[in-house]
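Okay, query28.txt now, which holds compact mmCIF, C-alpha atoms:
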```txt
# COMPACT_ATOMS: atom_id res chain seq x y z
CA MET A 1 -28.34 -3.36 37.41
CA SER A 2 -27.34 -3.78 33.79
CA TYR A 3 -23.76 -5.08 34.21
CA GLY A 4 -23.22 -3.59 30.76
CA VAL A 5 -19.77 -2.18 31.41
CA PHE A 6 -18.86 -4.98 33.80
CA SER A 7 -19.59 -7.64 31.17
CA GLU A 8 -16.82 -6.35 28.93
CA PHE A 9 -14.18 -6.88 31.62
CA TYR A 10 -15.77 -9.62 33.73
CA ASP A 11 -13.56 -12.45 32.48
CA ALA A 12 -10.38 -10.43 32.95
CA LEU A 13 -11.37 -9.50 36.51
CA THR A 14 -12.25 -13.09 37.43
CA ALA A 15 -9.13 -14.63 35.93
CA ASN A 16 -8.24 -15.88 39.41
CA VAL A 17 -11.35 -18.08 39.47
CA SER A 18 -10.63 -21.69 38.53
CA TYR A 19 -13.69 -22.44 36.43
CA ASP A 20 -12.25 -25.87 35.69
CA THR A 21 -12.27 -26.67 39.42
CA VAL A 22 -15.73 -25.19 39.94
CA SER A 23 -17.18 -27.17 37.04
CA GLN A 24 -15.45 -30.38 38.11
CA VAL A 25 -16.79 -30.08 41.66
CA LEU A 26 -20.28 -29.38 40.37
CA SER A 27 -20.14 -32.32 37.98
CA SER A 28 -18.84 -34.65 40.70
CA LEU A 29 -21.57 -33.59 43.11
CA LEU A 30 -24.28 -33.94 40.49
CA THR A 31 -23.02 -37.44 39.76
CA ARG A 32 -22.96 -38.25 43.47
CA TYR A 33 -26.60 -37.21 43.74
CA GLY A 34 -27.65 -39.18 40.65
CA LYS A 35 -27.55 -36.48 37.97
CA SER A 36 -24.58 -37.40 35.79
CA ARG A 37 -26.44 -36.38 32.62
CA GLY A 38 -29.61 -34.58 31.62
CA LEU A 39 -31.04 -31.12 31.08
CA LEU A 40 -29.34 -28.57 33.31
CA LEU A 41 -30.08 -24.92 34.07
CA ASP A 42 -27.18 -22.55 34.71
CA LEU A 43 -28.91 -19.72 36.58
CA ALA A 44 -27.26 -16.29 36.50
CA CYS A 45 -24.82 -17.81 34.02
CA GLY A 46 -22.94 -14.57 33.35
CA THR A 47 -20.44 -14.94 30.52
CA GLY A 48 -21.02 -18.69 30.30
CA SER A 49 -17.73 -20.05 31.65
CA VAL A 50 -19.50 -22.71 33.72
CA SER A 51 -22.20 -23.31 31.11
CA VAL A 52 -19.64 -24.24 28.46
CA ARG A 53 -17.66 -26.53 30.76
CA LEU A 54 -20.75 -28.41 31.93
CA ALA A 55 -21.90 -28.78 28.33
CA GLU A 56 -18.50 -30.27 27.53
CA LYS A 57 -19.10 -32.79 30.32
CA GLY A 58 -22.26 -34.01 28.58
CA TYR A 59 -25.07 -31.94 30.10
CA GLU A 60 -27.69 -30.31 27.91
CA VAL A 61 -27.35 -26.78 29.24
CA ILE A 62 -29.72 -23.83 29.36
CA GLY A 63 -28.12 -20.60 30.55
CA ALA A 64 -30.23 -17.77 31.99
CA ASP A 65 -29.08 -14.28 32.94
CA LEU A 66 -30.59 -10.83 33.30
CA SER A 67 -27.83 -9.06 31.36
CA PRO A 68 -27.95 -9.15 27.55
CA GLU A 69 -24.33 -7.98 27.48
CA MET A 70 -23.23 -10.91 29.64
CA LEU A 71 -25.22 -13.30 27.46
CA SER A 72 -23.60 -11.92 24.32
CA GLU A 73 -20.21 -12.82 25.78
CA ALA A 74 -21.57 -16.24 26.77
CA GLN A 75 -22.91 -16.93 23.29
CA ASN A 76 -19.56 -16.10 21.71
CA LYS A 77 -17.81 -18.37 24.21
CA ALA A 78 -20.18 -21.27 23.49
CA TYR A 79 -19.75 -20.82 19.73
CA SER A 80 -15.96 -20.82 20.05
CA ALA A 81 -16.15 -24.02 22.11
CA GLY A 82 -18.47 -25.70 19.63
CA GLN A 83 -21.25 -26.07 22.20
CA ASN A 84 -24.93 -25.62 21.41
CA ILE A 85 -26.30 -23.88 24.49
CA LEU A 86 -29.65 -22.13 24.75
CA PHE A 87 -29.20 -18.76 26.47
CA LEU A 88 -32.23 -16.90 27.84
CA CYS A 89 -32.34 -13.27 28.97
CA GLN A 90 -34.47 -13.58 32.08
CA ASP A 91 -34.77 -12.28 35.63
CA MET A 92 -34.22 -15.25 37.94
CA THR A 93 -37.21 -14.20 40.06
CA ALA A 94 -39.42 -14.47 36.97
CA LEU A 95 -37.85 -17.54 35.39
CA ASP A 96 -39.98 -19.03 32.60
CA LEU A 97 -38.55 -22.12 30.89
CA TYR A 98 -40.08 -24.16 28.09
CA GLY A 99 -40.15 -27.30 30.22
CA THR A 100 -38.55 -28.85 33.27
CA VAL A 101 -34.90 -29.56 33.99
CA ASP A 102 -33.14 -32.37 35.83
CA ALA A 103 -30.65 -30.18 37.66
CA ALA A 104 -29.63 -26.56 38.16
CA VAL A 105 -26.56 -24.64 39.26
CA CYS A 106 -25.98 -21.03 40.26
CA THR A 107 -22.36 -20.08 40.85
CA LEU A 108 -20.22 -17.15 42.02
CA ASP A 109 -22.84 -15.69 44.38
CA GLY A 110 -25.52 -15.14 41.74
CA LEU A 111 -28.31 -15.19 44.33
CA CYS A 112 -26.49 -12.55 46.40
CA HIS A 113 -27.25 -9.99 43.70
CA LEU A 114 -30.92 -10.14 44.63
CA PRO A 115 -31.98 -7.32 46.97
CA ASP A 116 -33.93 -9.09 49.71
CA GLU A 117 -35.22 -12.36 51.14
CA GLU A 118 -38.45 -12.13 49.15
CA SER A 119 -36.50 -12.04 45.88
CA VAL A 120 -34.27 -14.96 46.88
CA PHE A 121 -37.30 -17.01 47.87
CA ALA A 122 -39.00 -16.15 44.56
CA ALA A 123 -35.94 -17.38 42.65
CA LEU A 124 -35.81 -20.60 44.67
CA ARG A 125 -39.48 -21.22 44.00
CA LYS A 126 -39.06 -20.59 40.28
CA VAL A 127 -36.20 -23.08 40.03
CA SER A 128 -38.32 -25.62 41.91
CA LEU A 129 -41.28 -24.98 39.61
CA PHE A 130 -39.21 -25.82 36.51
CA MET A 131 -37.36 -28.77 38.04
CA ASN A 132 -38.37 -32.42 37.84
CA PRO A 133 -39.17 -34.13 41.16
CA GLY A 134 -35.92 -35.34 42.69
CA GLY A 135 -33.95 -32.73 40.75
CA VAL A 136 -30.75 -31.37 42.27
CA PHE A 137 -29.88 -27.70 42.68
CA LEU A 138 -26.31 -26.63 43.51
CA PHE A 139 -25.71 -22.98 44.32
CA ASP A 140 -23.15 -20.91 46.16
CA VAL A 141 -23.49 -17.69 48.13
CA ASN A 142 -21.14 -15.34 49.90
CA SER A 143 -21.30 -15.75 53.66
CA VAL A 144 -22.17 -13.01 56.14
CA TYR A 145 -18.64 -13.46 57.50
CA LYS A 146 -17.14 -12.66 54.09
CA HIS A 147 -19.24 -9.53 53.66
CA ARG A 148 -18.29 -8.21 57.08
CA ALA A 149 -14.66 -9.32 57.39
CA VAL A 150 -13.37 -9.53 53.81
CA LEU A 151 -15.37 -7.39 51.40
CA GLY A 152 -16.94 -4.64 53.49
CA ASN A 153 -15.28 -1.19 53.35
CA ASN A 154 -12.26 -2.51 51.47
CA THR A 155 -10.83 -1.42 48.14
CA PHE A 156 -9.31 -3.75 45.54
CA VAL A 157 -7.25 -2.79 42.50
CA TYR A 158 -6.96 -4.92 39.36
CA ASP A 159 -4.33 -4.12 36.75
CA THR A 160 -4.59 -6.24 33.59
CA ASP A 161 -3.46 -5.78 30.02
CA ASP A 162 -6.96 -4.71 29.01
CA VAL A 163 -8.18 -2.60 31.92
CA TYR A 164 -7.23 -0.95 35.20
CA CYS A 165 -10.05 -1.33 37.73
CA VAL A 166 -10.57 0.22 41.15
CA TRP A 167 -13.18 -1.76 43.11
CA GLN A 168 -14.47 0.05 46.22
CA ASN A 169 -16.77 -1.67 48.69
CA THR A 170 -19.02 -0.14 51.32
CA LEU A 171 -20.70 -2.26 53.99
CA LEU A 172 -24.17 -0.78 54.43
CA SER A 173 -25.90 -0.21 57.75
CA ASP A 174 -27.73 -3.57 57.72
CA GLY A 175 -24.38 -5.30 58.16
CA VAL A 176 -24.96 -7.81 55.35
CA THR A 177 -25.20 -5.74 52.15
CA VAL A 178 -22.09 -4.53 50.33
CA GLN A 179 -22.31 -1.70 47.83
CA MET A 180 -19.71 -2.16 45.10
CA ASP A 181 -18.46 0.79 43.05
CA LEU A 182 -16.25 -0.10 40.10
CA ASP A 183 -14.25 2.37 38.02
CA PHE A 184 -12.78 0.99 34.80
CA PHE A 185 -9.89 2.74 33.07
CA GLU A 186 -9.46 1.34 29.56
CA PRO A 187 -6.38 2.37 27.52
CA VAL A 188 -7.25 3.79 24.12
CA SER A 189 -3.86 4.95 22.82
CA ASP A 190 -0.14 4.36 23.22
CA ALA A 191 0.16 7.94 24.49
CA GLY A 192 -1.47 7.00 27.79
CA ASP A 193 -5.00 8.13 27.02
CA TYR A 194 -7.82 6.15 28.62
CA VAL A 195 -11.59 6.02 28.90
CA ARG A 196 -13.17 5.84 32.35
CA GLN A 197 -16.42 3.97 32.87
CA SER A 198 -18.22 3.17 36.11
CA GLU A 199 -20.65 0.60 37.43
CA ARG A 200 -22.42 0.20 40.79
CA PHE A 201 -24.22 -2.80 42.21
CA THR A 202 -24.90 -4.43 45.55
CA GLU A 203 -24.64 -7.93 46.97
CA ARG A 204 -26.46 -9.15 50.06
CA ALA A 205 -25.45 -12.09 52.22
CA TYR A 206 -27.90 -14.25 54.17
CA PRO A 207 -27.31 -16.37 57.28
CA ARG A 208 -27.15 -20.08 56.58
CA GLU A 209 -30.17 -20.68 58.82
CA THR A 210 -32.24 -18.16 56.84
CA LEU A 211 -31.40 -19.85 53.55
CA GLU A 212 -32.15 -23.30 54.93
CA ALA A 213 -35.56 -22.11 56.14
CA MET A 214 -36.32 -20.62 52.72
CA LEU A 215 -35.24 -23.82 50.98
CA LYS A 216 -37.51 -25.93 53.16
CA LYS A 217 -40.43 -23.60 52.49
CA ALA A 218 -39.69 -23.69 48.74
CA GLY A 219 -39.88 -27.50 48.70
CA TYR A 220 -36.25 -28.60 48.92
CA THR A 221 -34.31 -30.94 51.16
CA VAL A 222 -30.80 -29.77 52.04
CA LEU A 223 -28.32 -32.56 51.23
CA ASP A 224 -25.04 -30.84 52.10
CA VAL A 225 -23.53 -27.41 52.74
CA PHE A 226 -19.86 -27.12 51.81
CA ASP A 227 -17.04 -24.69 52.47
CA GLY A 228 -17.01 -23.33 48.94
CA TYR A 229 -15.57 -25.78 46.42
CA SER A 230 -13.17 -27.43 48.87
CA GLY A 231 -15.32 -30.51 49.45
CA LYS A 232 -15.20 -29.85 53.20
CA PRO A 233 -18.19 -29.00 55.43
CA ALA A 234 -19.04 -25.32 55.86
CA HIS A 235 -17.85 -23.63 59.06
CA ASP A 236 -18.18 -20.27 60.82
CA THR A 237 -15.45 -18.57 58.79
CA SER A 238 -16.32 -20.04 55.39
CA GLU A 239 -16.30 -17.20 52.89
CA ARG A 240 -18.49 -19.05 50.41
CA LEU A 241 -21.23 -21.59 51.12
CA LEU A 242 -22.03 -24.22 48.49
CA PHE A 243 -25.52 -25.67 48.98
CA ALA A 244 -26.59 -29.00 47.54
CA VAL A 245 -30.36 -29.45 47.69
CA ARG A 246 -32.94 -31.77 46.20
CA LYS A 247 -36.48 -30.95 45.13
CA ASP A 248 -38.91 -32.94 47.26
```
Starting from the file, give its structure as structure tokens.
Amino acid sequence: MSYGVFSEFYDALTANVSYDTVSQVLSSLLTRYGKSRGLLLDLACGTGSVSVRLAEKGYEVIGADLSPEMLSEAQNKAYSAGQNILFLCQDMTALDLYGTVDAAVCTLDGLCHLPDEESVFAALRKVSLFMNPGGVFLFDVNSVYKHRAVLGNNTFVYDTDDVYCVWQNTLLSDGVTVQMDLDFFEPVSDAGDYVRQSERFTERAYPRETLEAMLKKAGYTVLDVFDGYSGKPAHDTSERLLFAVRKD
């Protein structure tokens, strides 16, 4: 999964995401758990929208992502914001930092892009390995409910000034993995000509109990599980689960 084409249009297609709210909630939770400052890892940082906002709040941020195209967008965003952020092109299951961090975040279902439980556990262990004792990790995931009731077998259309996108989802036979096929139609002339590009990737959801068992095995204590960024406890129909955990 390169996300090469997706990176060009990612910000336009996630314009409905309130990164200000996400970053404020993350910052407030980190402060609640004793991490109001320090070295912070933004895992699967994408185009750096959260990285930049957390750097503006005083954290020393390291952003890591598998996609060089995403990181190129992130670097430009950080430069424009006047923030000095170290971006690393790394697979989260093979994370290799230069030292340890005080906190970590992973937003917008980054862990769901991993293919199986073994990969998720490997990523959790890697974050733990490069985190100081008592460090806090905040991450969100799509719920199984969302994959089955909201995303699976549905088609979404996005029409922006820069691109027309048809996003087709297919719920696979395991009942938790959604295959996502994106077709991008980019205008190239006033005469109505366009270029079509396509991208395919999958996201897998995991039951809350499975994630909690993996976290315990990886050396974390679960502090809270929220209904997304609402500040309320997670429930059966939460579409996004926000985990707050501490390294033992």
Practice item. Using atom CA of Gly231 of chain A and atom CA of Val25 of chain A as the two end points, give the distance in Å to one decimal. Key: 7.9 Å
Per residue of segment 17-37 of chain A within 12 Å of segment 139-158 of chain A, note the shortest atom pair and the distance in Å to one decimal, counting all atoms listed in the file, and order the rows by chain and increasing residue number, as a tab-separated table.
```
residue	atom	partner	partner_atom	distance
A:Val22	CA	A:Asp140	CA	10.6
A:Ser23	CA	A:Phe139	CA	12.0
A:Val25	CA	A:Phe139	CA	11.7
A:Leu26	CA	A:Phe139	CA	9.3
A:Leu29	CA	A:Phe139	CA	11.5
A:Leu30	CA	A:Phe139	CA	11.7
```
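Of note, atom CA of Lys216 of chain A and atom CA of Tyr33 of chain A are spaced 18.3 Å apart.
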Practice item. Report the distance between atom CA of Leu43 of chain A and atom CA of Val163 of chain A in Å, rounded to one decimal place. Key: 27.3 Å
Exercise for review: Starting from the point (-34.7, -23.1, 40.2), work out which residues of protein, DNA or RNA have an atom no more than 9 Å away when counting all atoms listed in the file; state them as a PyMOL selection string.
Suggested key: chain A and resi 41+43+92+95+101+103-106+123-131+137
Revision key, fill the gap. Using all atoms listed in the file, the best pick from A:Val166, A:Leu86, A:Ala205, A:Ala122 as closest to Asp109 of chain A would be A:Ala205
Around all the atoms of segment 213-229 of chain A listed in the file, draw an axis-aligned box and extend it by 6 Å on each of the six sides; I want its centre and edge lengths in Å to one decimal, as JSON.
```
{"center_x": -28.0, "center_y": -26.6, "center_z": 51.3, "size_x": 36.9, "size_y": 23.9, "size_z": 21.7}
```
**Study point:** From A:Gly63, A:Pro187, A:Pro68, A:Gly134, residue lying nearest Asp42 of chain A [all atoms listed in the file]
**Key:**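 Using all atoms listed in the file, Asp42 of chain A sits closest to A:Gly63.
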**Study point:** Nearest residue to Thr14 of chain A from the set A:Phe243, A:Ser49, A:Leu39, A:Tyr229 (distances using only C-alpha atoms)
**Key:**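 Residue with the minimum atom-to-atom distance to Thr14 of chain A: A:Ser49.
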Practice item. May I have the residues within 10 Å of Phe185 of chain A as a ChimeraX atom specification, using all atoms listed in the file and disregarding those fewer than 6 positions away in the same chain? Key: /A:159,162-166,193-198
Check your understanding: Taking all atoms listed in the file into account, which of A:Glu117, A:Thr221, A:Leu40, A:Phe184 comes nearest Gly99 of chain A?
Key -> A:Leu40
Exercise for review: Pick out the closest residue to Gln83 of chain A from this set: A:Gly38, A:Gly48, A:Gly110, A:Pro115. Count only C-alpha atoms.
Suggested key: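 For Gln83 of chain A, the nearest of the given residues is A:Gly48.
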Practice item. Rank A:Leu182, A:Met214, A:Met70, A:Leu97 by their smallest atom-to-atom distance to Asn169 of chain A, using only C-alpha atoms, and report the top residue only. Key: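 Ranked by minimum distance to Asn169 of chain A, first place goes to A:Leu182.
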Review point. Do you know which residues are at most 8 Å from Ala244 of chain A counting only C-alpha atoms, after dropping those on the same chain fewer than 4 positions away, and could you put them as JSON, numbers by chain?
Key: {"A": [136, 137, 138, 139, 222, 223, 224, 225]}
